[in-house]
Amino acid sequence: MIRSSYIAHLKEGEEVLAGFVHEKRDLGKLLFIILKDKTGEIQVVFKKNAVSEETFKTAKKVSRESFVKVQGEVKSSEKAPGGRELIAKSIEIINKAETPLPIEISGKVETNLDKRIDWRFLDMRRPEVMRIFNLESKFVKALEDFMHDEGFTRLFFSRITGEATEGGADYFPVLYFDKEAFLAQSPQLYKESVLLSGIDKVYDLGFVYRAEPHHTTRHLTEFMSFDVEFVTDEMKDALQLQEKLLNYAFNKAGIEVRIPKRFPVVSFEEAQEIAKSRGAELEKHDLTPEAERKLGEYALESYDSDFIFVIDFPFEKKPFYLMRKENEPDLTYSFDLLFKGLEITSGGLREHRYEKRVENIKAKGLDPEKFDHLRFFKYGMPPHAGFGLGIERVIEKALNLSNIREATLLPRDPERLKP
Ligand code: ATP
Ligand code: MG
């Protein structure tokens, strides 16, 4: 038996605990060890006269962060942190930690992020770091539960493709026998095409890859994309789905954010004006990161909301598969959702009509012949909408972290390929 209980669930009386030596205090005839496991900490007391000489010696020499098993009696104690302590009878060093530790994990000294990620799994021994990934796990579970309750089917689209999804340059080529292949940048064209089958609500959750050489606090080369597509002929259904989904998931995961039932919505044109009036530099056809931040401030001040939708983006900077507006073909039925001033989803109503889709591809200067998925659009494709949500960005913002890497277990960027 490795343990009779986790630390947080201890009862008074005889217990066996296993965990890491967080701290050690040697008072001569008394030795205190703060033992921790994933649920919490407890003070373990070794009294020289009450344990064997061997036990006392072992406890004295154990190094910080070693994995140990201790047996003893849990007693309430006013002086002990948490109001209880374990009076030890024996200790076994199951696996010692070398000294010195490669990074500081006592929480007393800051280690820089790069170094921390070099030692990610050791860094995770800090409760505030472990909390990030526990919350992510709960949040993702809640997203999935919601989708299933709404009648969505989870599908698993391949991440190896011979087709360059959005015509962009940011693909990772892979050696695929004697053929040219790429890591998928998104499951977009598959999640749309599958709607031809009659399944009318799908989602996919998995890594996607972007060969973006940026060094920013919001870009990874591999990120977890929550991708949704469903049959509808109105974009507002996609906005509403996101509102309900995020309300449910944040609530279920116990993450506190300012989240109204209905999110404020502004057009791209209005968004540009708001950002400009707040001093942001603008780009003609897209929101700059600074404009996104200003819109985040605006949403908070004007609507007490951490969220704001920007809709109707110019076709110029949006992908070909979006439907262009009937009377304003320079604009698209599209949206970005900003969370605390950062884009977390992009989506819109898609172009389901074969001829129009081909037109859009040509308008982007791309060759329709190169798009294998198009053939599916000739056989009764229903109208549809959808979006992609970046999990790491959501967690980063939800927990007010300052870099997407903090919210990513094993971040991949142009420099980093390990651990
Ligand atoms: P940005 O303009 O911020 O670079 P994008 O518009 O290129 O993002 P989309 O293709 O719209 O990104 O992807 C949908 C969602 O996936 C984004 O809203 C974001 O949450 C997430 N995402 C996109 N690129 C990255 C990336 N490199 N790293 C982490 N998350 C990303
Ligand atoms: Mg986008």
# chains A, B, ... in the order shown; residues from 1 in each chain; ligands from 1
call {"tool": "residues_near_ligand", "arguments": {"ligand": "ligand 2", "cutoff": "8 Å", "atoms": "only C-alpha atoms and all ligand atoms", "output": "PyMOL selection string"}}
result
chain A and resi 318+336+343-347
call {"tool": "residues_near_ligand", "arguments": {"ligand": "ligand 1", "cutoff": "10 Å", "atoms": "only C-alpha atoms and all ligand atoms", "output": "PyMOL selection string"}}
result
chain A and resi 166+170+185-186+188+208-227+286-289+292+317-319+335-339+342-347+387-394+404-405+408+411-413
call {"tool": "residues_around", "arguments": {"residues": "A:Arg159", "least_positions_apart": "4", "cutoff": "8 Å", "atoms": "only C-alpha atoms", "output": "JSON, numbers by chain"}}
result
{"A": [183, 184, 187, 208]}
call {"tool": "select_by_dssp", "arguments": {"residues": "stretch 50-283 of chain A", "states": "strand (DSSP E or B)", "output": "JSON list (two decimals) with N, CA, C and O atoms, in the first residue's frame"}}
result
[["chain", "number", "residue", "atom", "x", "y", "z"],
["A", 67, "PHE", "N", 10.70, 11.56, -2.55],
["A", 67, "PHE", "CA", 9.39, 10.91, -2.39],
["A", 67, "PHE", "C", 9.49, 9.92, -1.24],
["A", 67, "PHE", "O", 10.32, 9.01, -1.25],
["A", 68, "VAL", "N", 8.67, 10.13, -0.22],
["A", 68, "VAL", "CA", 8.76, 9.30, 0.99],
["A", 68, "VAL", "C", 7.40, 8.76, 1.41],
["A", 68, "VAL", "O", 6.35, 9.27, 0.98],
["A", 69, "LYS", "N", 7.48, 7.74, 2.24],
["A", 69, "LYS", "CA", 6.27, 7.19, 2.83],
["A", 69, "LYS", "C", 6.43, 7.33, 4.34],
["A", 69, "LYS", "O", 7.49, 6.99, 4.87],
["A", 70, "VAL", "N", 5.43, 7.86, 5.01],
["A", 70, "VAL", "CA", 5.50, 7.97, 6.46],
["A", 70, "VAL", "C", 4.26, 7.36, 7.09],
["A", 70, "VAL", "O", 3.17, 7.43, 6.53],
["A", 71, "GLN", "N", 4.50, 6.77, 8.24],
["A", 71, "GLN", "CA", 3.39, 6.16, 8.95],
["A", 71, "GLN", "C", 3.31, 6.81, 10.32],
["A", 71, "GLN", "O", 4.36, 7.15, 10.91],
["A", 72, "GLY", "N", 2.13, 7.01, 10.81],
["A", 72, "GLY", "CA", 2.01, 7.62, 12.12],
["A", 72, "GLY", "C", 0.57, 7.90, 12.47],
["A", 72, "GLY", "O", -0.35, 7.31, 11.91],
["A", 73, "GLU", "N", 0.42, 8.82, 13.44],
["A", 73, "GLU", "CA", -0.91, 9.09, 13.92],
["A", 73, "GLU", "C", -1.28, 10.55, 13.70],
["A", 73, "GLU", "O", -0.53, 11.45, 14.06],
["A", 74, "VAL", "N", -2.42, 10.77, 13.06],
["A", 74, "VAL", "CA", -2.89, 12.13, 12.82],
["A", 74, "VAL", "C", -3.57, 12.64, 14.08],
["A", 74, "VAL", "O", -4.44, 11.98, 14.63],
["A", 75, "LYS", "N", -3.11, 13.81, 14.51],
["A", 75, "LYS", "CA", -3.71, 14.42, 15.70],
["A", 75, "LYS", "C", -4.02, 15.88, 15.40],
["A", 75, "LYS", "O", -3.28, 16.53, 14.65],
["A", 76, "SER", "N", -5.09, 16.39, 15.99],
["A", 76, "SER", "CA", -5.33, 17.82, 15.81],
["A", 76, "SER", "C", -4.35, 18.57, 16.69],
["A", 76, "SER", "O", -3.95, 18.09, 17.76],
["A", 84, "ARG", "N", -3.78, 20.32, 12.05],
["A", 84, "ARG", "CA", -3.51, 18.93, 12.40],
["A", 84, "ARG", "C", -2.11, 18.57, 11.96],
["A", 84, "ARG", "O", -1.52, 19.24, 11.11],
["A", 85, "GLU", "N", -1.56, 17.51, 12.57],
["A", 85, "GLU", "CA", -0.22, 17.08, 12.20],
["A", 85, "GLU", "C", -0.15, 15.57, 12.32],
["A", 85, "GLU", "O", -1.03, 14.92, 12.89],
["A", 86, "LEU", "N", 0.90, 15.01, 11.71],
["A", 86, "LEU", "CA", 1.09, 13.56, 11.80],
["A", 86, "LEU", "C", 2.27, 13.31, 12.74],
["A", 86, "LEU", "O", 3.38, 13.81, 12.50],
["A", 87, "ILE", "N", 2.04, 12.59, 13.81],
["A", 87, "ILE", "CA", 3.12, 12.21, 14.71],
["A", 87, "ILE", "C", 3.71, 10.92, 14.13],
["A", 87, "ILE", "O", 3.05, 9.87, 14.13],
["A", 88, "ALA", "N", 4.95, 11.05, 13.61],
["A", 88, "ALA", "CA", 5.50, 9.95, 12.83],
["A", 88, "ALA", "C", 5.97, 8.79, 13.69],
["A", 88, "ALA", "O", 6.45, 8.98, 14.82],
["A", 89, "LYS", "N", 5.81, 7.59, 13.12],
["A", 89, "LYS", "CA", 6.39, 6.39, 13.74],
["A", 89, "LYS", "C", 7.52, 5.86, 12.89],
["A", 89, "LYS", "O", 8.50, 5.35, 13.38],
["A", 90, "SER", "N", 7.34, 5.98, 11.55],
["A", 90, "SER", "CA", 8.41, 5.50, 10.67],
["A", 90, "SER", "C", 8.42, 6.29, 9.38],
["A", 90, "SER", "O", 7.44, 6.96, 9.03],
["A", 91, "ILE", "N", 9.55, 6.23, 8.70],
["A", 91, "ILE", "CA", 9.69, 6.89, 7.41],
["A", 91, "ILE", "C", 10.48, 5.99, 6.48],
["A", 91, "ILE", "O", 11.43, 5.31, 6.91],
["A", 92, "GLU", "N", 10.09, 5.99, 5.21],
["A", 92, "GLU", "CA", 10.84, 5.24, 4.20],
["A", 92, "GLU", "C", 11.11, 6.19, 3.04],
["A", 92, "GLU", "O", 10.18, 6.81, 2.52],
["A", 93, "ILE", "N", 12.39, 6.32, 2.69],
["A", 93, "ILE", "CA", 12.70, 7.15, 1.51],
["A", 93, "ILE", "C", 12.53, 6.26, 0.29],
["A", 93, "ILE", "O", 13.34, 5.36, 0.05],
["A", 94, "ILE", "N", 11.49, 6.48, -0.46],
["A", 94, "ILE", "CA", 11.21, 5.60, -1.60],
["A", 94, "ILE", "C", 12.07, 5.97, -2.80],
["A", 94, "ILE", "O", 12.56, 5.12, -3.51],
["A", 95, "ASN", "N", 12.23, 7.28, -3.01],
["A", 95, "ASN", "CA", 13.14, 7.73, -4.06],
["A", 95, "ASN", "C", 13.64, 9.12, -3.71],
["A", 95, "ASN", "O", 12.84, 10.04, -3.56],
["A", 153, "THR", "N", -21.83, 15.25, -32.14],
["A", 153, "THR", "CA", -21.04, 14.02, -32.20],
["A", 153, "THR", "C", -19.57, 14.39, -32.29],
["A", 153, "THR", "O", -19.19, 15.26, -33.08],
["A", 154, "ARG", "N", -18.76, 13.74, -31.48],
["A", 154, "ARG", "CA", -17.32, 13.99, -31.58],
["A", 154, "ARG", "C", -16.74, 13.13, -32.69],
["A", 154, "ARG", "O", -16.89, 11.90, -32.68],
["A", 160, "ILE", "N", -2.92, 14.50, -40.66],
["A", 160, "ILE", "CA", -1.96, 14.44, -41.76],
["A", 160, "ILE", "C", -2.75, 14.68, -43.03],
["A", 160, "ILE", "O", -3.77, 14.05, -43.26],
["A", 161, "THR", "N", -2.31, 15.62, -43.81],
["A", 161, "THR", "CA", -3.10, 15.99, -44.96],
["A", 161, "THR", "C", -2.23, 16.27, -46.18],
["A", 161, "THR", "O", -1.08, 16.69, -46.04],
["A", 173, "PRO", "N", 5.65, 20.86, -43.38],
["A", 173, "PRO", "CA", 5.69, 19.70, -44.27],
["A", 173, "PRO", "C", 6.18, 18.49, -43.50],
["A", 173, "PRO", "O", 6.95, 18.64, -42.55],
["A", 174, "VAL", "N", 5.68, 17.31, -43.86],
["A", 174, "VAL", "CA", 6.19, 16.09, -43.23],
["A", 174, "VAL", "C", 6.70, 15.14, -44.29],
["A", 174, "VAL", "O", 6.20, 15.12, -45.42],
["A", 175, "LEU", "N", 7.70, 14.36, -43.92],
["A", 175, "LEU", "CA", 8.19, 13.31, -44.81],
["A", 175, "LEU", "C", 7.16, 12.21, -44.77],
["A", 175, "LEU", "O", 6.95, 11.59, -43.73],
["A", 176, "TYR", "N", 6.49, 11.99, -45.88],
["A", 176, "TYR", "CA", 5.47, 10.95, -45.89],
["A", 176, "TYR", "C", 5.76, 9.99, -47.04],
["A", 176, "TYR", "O", 5.23, 10.13, -48.13],
["A", 179, "LYS", "N", 5.68, 11.07, -50.77],
["A", 179, "LYS", "CA", 4.69, 12.11, -51.09],
["A", 179, "LYS", "C", 4.89, 13.36, -50.26],
["A", 179, "LYS", "O", 5.51, 13.33, -49.20],
["A", 180, "GLU", "N", 4.29, 14.44, -50.75],
["A", 180, "GLU", "CA", 4.29, 15.68, -49.98],
["A", 180, "GLU", "C", 3.07, 15.67, -49.07],
["A", 180, "GLU", "O", 1.95, 15.45, -49.53],
["A", 181, "ALA", "N", 3.29, 15.88, -47.81],
["A", 181, "ALA", "CA", 2.17, 15.96, -46.87],
["A", 181, "ALA", "C", 2.43, 17.08, -45.88],
["A", 181, "ALA", "O", 3.55, 17.62, -45.81],
["A", 182, "PHE", "N", 1.38, 17.43, -45.13],
["A", 182, "PHE", "CA", 1.49, 18.51, -44.15],
["A", 182, "PHE", "C", 0.81, 18.09, -42.86],
["A", 182, "PHE", "O", -0.10, 17.27, -42.86],
["A", 183, "LEU", "N", 1.25, 18.73, -41.78],
["A", 183, "LEU", "CA", 0.49, 18.60, -40.53],
["A", 183, "LEU", "C", -0.69, 19.56, -40.64],
["A", 183, "LEU", "O", -0.53, 20.70, -41.09],
["A", 201, "LYS", "N", -24.25, 17.98, -36.53],
["A", 201, "LYS", "CA", -23.57, 18.73, -35.46],
["A", 201, "LYS", "C", -22.33, 17.95, -35.09],
["A", 201, "LYS", "O", -22.43, 16.85, -34.55],
["A", 202, "VAL", "N", -21.17, 18.52, -35.35],
["A", 202, "VAL", "CA", -19.94, 17.79, -35.04],
["A", 202, "VAL", "C", -18.95, 18.68, -34.28],
["A", 202, "VAL", "O", -18.97, 19.90, -34.39],
["A", 203, "TYR", "N", -18.12, 18.02, -33.49],
["A", 203, "TYR", "CA", -16.97, 18.74, -32.94],
["A", 203, "TYR", "C", -15.78, 17.81, -32.92],
["A", 203, "TYR", "O", -15.90, 16.58, -32.98],
["A", 204, "ASP", "N", -14.61, 18.45, -32.86],
["A", 204, "ASP", "CA", -13.35, 17.71, -32.84],
["A", 204, "ASP", "C", -12.46, 18.44, -31.84],
["A", 204, "ASP", "O", -12.53, 19.66, -31.71],
["A", 205, "LEU", "N", -11.66, 17.68, -31.12],
["A", 205, "LEU", "CA", -10.76, 18.29, -30.14],
["A", 205, "LEU", "C", -9.40, 17.66, -30.35],
["A", 205, "LEU", "O", -9.26, 16.44, -30.20],
["A", 206, "GLY", "N", -8.43, 18.46, -30.71],
["A", 206, "GLY", "CA", -7.11, 17.88, -30.91],
["A", 206, "GLY", "C", -6.08, 18.94, -31.28],
["A", 206, "GLY", "O", -6.42, 20.11, -31.49],
["A", 207, "PHE", "N", -4.83, 18.50, -31.32],
["A", 207, "PHE", "CA", -3.76, 19.42, -31.68],
["A", 207, "PHE", "C", -3.85, 19.83, -33.14],
["A", 207, "PHE", "O", -4.23, 19.01, -34.00],
["A", 208, "VAL", "N", -3.52, 21.06, -33.42],
["A", 208, "VAL", "CA", -3.30, 21.51, -34.79],
["A", 208, "VAL", "C", -1.95, 22.23, -34.81],
["A", 208, "VAL", "O", -1.41, 22.59, -33.77],
["A", 209, "TYR", "N", -1.44, 22.42, -36.00],
["A", 209, "TYR", "CA", -0.05, 22.87, -36.15],
["A", 209, "TYR", "C", 0.05, 24.10, -37.03],
["A", 209, "TYR", "O", -0.58, 24.17, -38.08],
["A", 222, "GLU", "N", 2.03, 24.41, -31.90],
["A", 222, "GLU", "CA", 1.10, 23.29, -31.71],
["A", 222, "GLU", "C", 0.11, 23.74, -30.64],
["A", 222, "GLU", "O", 0.53, 24.10, -29.54],
["A", 223, "PHE", "N", -1.17, 23.75, -30.96],
["A", 223, "PHE", "CA", -2.15, 24.10, -29.93],
["A", 223, "PHE", "C", -3.38, 23.22, -30.02],
["A", 223, "PHE", "O", -3.62, 22.55, -31.02],
["A", 224, "MET", "N", -4.13, 23.24, -28.93],
["A", 224, "MET", "CA", -5.31, 22.38, -28.81],
["A", 224, "MET", "C", -6.52, 23.15, -29.33],
["A", 224, "MET", "O", -6.88, 24.18, -28.77],
["A", 225, "SER", "N", -7.08, 22.65, -30.40],
["A", 225, "SER", "CA", -8.20, 23.36, -31.03],
["A", 225, "SER", "C", -9.50, 22.61, -30.77],
["A", 225, "SER", "O", -9.59, 21.41, -31.00],
["A", 226, "PHE", "N", -10.48, 23.36, -30.29],
["A", 226, "PHE", "CA", -11.82, 22.82, -30.09],
["A", 226, "PHE", "C", -12.62, 23.31, -31.28],
["A", 226, "PHE", "O", -12.90, 24.49, -31.40],
["A", 227, "ASP", "N", -12.94, 22.39, -32.17],
["A", 227, "ASP", "CA", -13.51, 22.77, -33.47],
["A", 227, "ASP", "C", -14.95, 22.31, -33.60],
["A", 227, "ASP", "O", -15.25, 21.14, -33.39],
["A", 228, "VAL", "N", -15.82, 23.25, -33.94],
["A", 228, "VAL", "CA", -17.26, 22.98, -33.97],
["A", 228, "VAL", "C", -17.82, 23.34, -35.34],
["A", 228, "VAL", "O", -17.42, 24.35, -35.93],
["A", 229, "GLU", "N", -18.71, 22.53, -35.86],
["A", 229, "GLU", "CA", -19.38, 22.83, -37.12],
["A", 229, "GLU", "C", -20.78, 22.24, -37.07],
["A", 229, "GLU", "O", -20.96, 21.12, -36.57],
["A", 230, "PHE", "N", -21.78, 22.98, -37.53],
["A", 230, "PHE", "CA", -23.15, 22.45, -37.50],
["A", 230, "PHE", "C", -24.02, 23.08, -38.58],
["A", 230, "PHE", "O", -23.70, 24.15, -39.10],
["A", 231, "VAL", "N", -25.10, 22.40, -38.88],
["A", 231, "VAL", "CA", -25.98, 22.85, -39.95],
["A", 231, "VAL", "C", -26.89, 23.97, -39.44],
["A", 231, "VAL", "O", -27.58, 23.81, -38.44],
["A", 265, "VAL", "N", -21.87, 42.64, -28.98],
["A", 265, "VAL", "CA", -21.48, 42.38, -30.37],
["A", 265, "VAL", "C", -21.22, 43.71, -31.06],
["A", 265, "VAL", "O", -22.05, 44.62, -30.97],
["A", 266, "VAL", "N", -20.08, 43.85, -31.71],
["A", 266, "VAL", "CA", -19.84, 45.04, -32.55],
["A", 266, "VAL", "C", -19.36, 44.58, -33.91],
["A", 266, "VAL", "O", -18.77, 43.51, -34.05],
["A", 267, "SER", "N", -19.66, 45.39, -34.93],
["A", 267, "SER", "CA", -19.17, 45.06, -36.27],
["A", 267, "SER", "C", -17.69, 45.39, -36.35],
["A", 267, "SER", "O", -17.17, 46.16, -35.53]]
call {"tool": "closest_residue", "arguments": {"among": "A:Arg116, A:Lys60, A:Lys261, A:Lys244", "to": "A:Arg25", "atoms": "only C-alpha atoms"}}
result
A:Lys60
call {"tool": "select_by_dssp", "arguments": {"residues": "stretch 41-251 of chain A", "states": "alpha helix (DSSP H)", "output": "number ranges by chain"}}
result
A: 53-61, 113-118, 120-123, 127-149, 188-193, 235-251
